Amino acid sequence: MGIDPDHGDMEEVVARDQRALARLYDRHAPWVHAFIYRMLRDASMAEDVTQEAFVRVWRNAHRWDGGRASFRSWLGTIAANLARDALRKRRDVTSDQTDLRADPSPWANPGRALEMTRAQQILHDAIGDLPERQRCALLLTWEVGLSNAEAGRSMSISEQAMESLLARARRSLRAKLAGCGEDLIGSIGDD
């Protein structure tokens, strides 16, 4: 089994190699952007926050500990924190005037123009309607692919608290999706 390309690139980023950062960006920016977009529901903000996530990788590369966390997990934590900060700032600026469904564009996955099925759109909207912490927990585990323990650390909560948060999110989704078809509800997973 070969060396993890992220690990090797991060060692080069620590040594200030911008080409290594560009490789990490090319590999990870699509899922980071999609995650942030689904948190913020604003394409322009998602682009800015994605860029900021990689600026933070560059500035804080010396803090990454490859023995403690994968690069994907570390980047997911940075992205989640930045998305939550952006949501807080937006709430502070616009108070209750923000409509989280103002940008109806699909999941904004750069580089791929996927047509969403009706079921995907229903699920996407239901996830967008979840409270911020539940939405973040689901996206960190489903979209980013973090374990419950990693997602919990990124949200500064215990693994047990993460599991409880995920269970509440799944129950909320099941309730919102009742009557939409068993296939859609089955995609949510078990508590």
# chains A, B, ... in the order shown; residues from 1 in each chain; ligands from 1
$ residues_around --residues "Arg16 of chain A" --least-positions-apart "5" --cutoff "9 Å" --atoms "only C-alpha atoms" --output "ChimeraX atom specification"
/A:11,21,58,61
$ write_last_selection --atoms "N, CA and C atoms" --output "tab-separated table (two decimals), in the first residue's frame"
chain	number	residue	atom	x	y	z
A	11	GLU	N	2.89	17.41	3.63
A	11	GLU	CA	4.29	17.60	4.02
A	11	GLU	C	4.94	18.67	3.15
A	21	LEU	N	-0.30	22.49	-2.59
A	21	LEU	CA	-1.60	23.05	-2.20
A	21	LEU	C	-2.56	23.00	-3.38
A	58	TRP	N	-3.24	26.56	4.03
A	58	TRP	CA	-1.91	27.10	3.75
A	58	TRP	C	-1.32	27.76	5.00
A	61	ALA	N	-0.85	24.98	7.97
A	61	ALA	CA	-0.34	23.66	7.60
A	61	ALA	C	0.53	23.06	8.70
$ residues_around --residues "Ser172 of chain A" --least-positions-apart "6" --cutoff "10 Å" --atoms "only C-alpha atoms" --output "MDAnalysis selection string"
chainID A and resid 126:127 129:131 134 166
$ write_last_selection --atoms "N, CA, C and O atoms" --output "PDB file, in the first residue's frame"
ATOM      1  N   ALA A 126     -35.252  19.044   2.258  1.00  0.00           N
ATOM      2  CA  ALA A 126     -35.512  18.611   3.640  1.00  0.00           C
ATOM      3  C   ALA A 126     -34.263  18.772   4.498  1.00  0.00           C
ATOM      4  O   ALA A 126     -34.346  19.219   5.646  1.00  0.00           O
ATOM      5  N   ILE A 127     -33.108  18.440   3.961  1.00  0.00           N
ATOM      6  CA  ILE A 127     -31.850  18.626   4.696  1.00  0.00           C
ATOM      7  C   ILE A 127     -31.612  20.113   4.937  1.00  0.00           C
ATOM      8  O   ILE A 127     -31.215  20.522   6.027  1.00  0.00           O
ATOM      9  N   ASP A 129     -33.740  22.353   5.393  1.00  0.00           N
ATOM     10  CA  ASP A 129     -34.676  22.864   6.397  1.00  0.00           C
ATOM     11  C   ASP A 129     -34.331  22.418   7.822  1.00  0.00           C
ATOM     12  O   ASP A 129     -34.951  22.884   8.771  1.00  0.00           O
ATOM     13  N   LEU A 130     -33.367  21.512   7.965  1.00  0.00           N
ATOM     14  CA  LEU A 130     -32.983  21.052   9.304  1.00  0.00           C
ATOM     15  C   LEU A 130     -32.307  22.185  10.074  1.00  0.00           C
ATOM     16  O   LEU A 130     -31.696  23.073   9.476  1.00  0.00           O
ATOM     17  N   PRO A 131     -32.364  22.135  11.393  1.00  0.00           N
ATOM     18  CA  PRO A 131     -31.579  23.100  12.182  1.00  0.00           C
ATOM     19  C   PRO A 131     -30.094  22.973  11.821  1.00  0.00           C
ATOM     20  O   PRO A 131     -29.621  21.900  11.439  1.00  0.00           O
ATOM     21  N   GLN A 134     -27.937  19.989  13.160  1.00  0.00           N
ATOM     22  CA  GLN A 134     -28.326  18.703  12.592  1.00  0.00           C
ATOM     23  C   GLN A 134     -27.862  18.604  11.135  1.00  0.00           C
ATOM     24  O   GLN A 134     -27.355  17.571  10.710  1.00  0.00           O
ATOM     25  N   LEU A 166     -27.311  13.039  15.204  1.00  0.00           N
ATOM     26  CA  LEU A 166     -27.641  12.361  13.946  1.00  0.00           C
ATOM     27  C   LEU A 166     -28.991  11.654  14.038  1.00  0.00           C
ATOM     28  O   LEU A 166     -29.774  11.670  13.085  1.00  0.00           O
TER      29      LEU A 166
END
$ residues_around --residues "Ala15 of chain A" --least-positions-apart "3" --cutoff "12 Å" --atoms "only C-alpha atoms" --output "PyMOL selection string"
chain A and resi 8-12+18-21+58-62
$ residues_around --residues "Glu163 of chain A" --least-positions-apart "4" --cutoff "10 Å" --atoms "only C-alpha atoms" --output "list of chain:residue names"
A:Ala137, A:Asn148, A:Ala149, A:Ala151, A:Gly152, A:Ser158, A:Glu159, A:Ala167, A:Arg168, A:Ala169, A:Asp191
$ atom_distance --atom1 "atom CA of Gly179 of chain A" --atom2 "atom CA of Gly128 of chain A"
18.5 Å
$ closest_residue --among "A:Ser73, A:His124, A:Arg91, A:Leu40" --to "His28 of chain A" --atoms "only C-alpha atoms"
A:Ser73
$ select_by_dssp --residues "segment 7-187 of chain A" --states "helix (DSSP H, G or I)" --output "PyMOL selection string"
chain A and resi 7-14+18-40+43-59+61-63+71-97+118-128+132-142+148-154+159-177+182-186
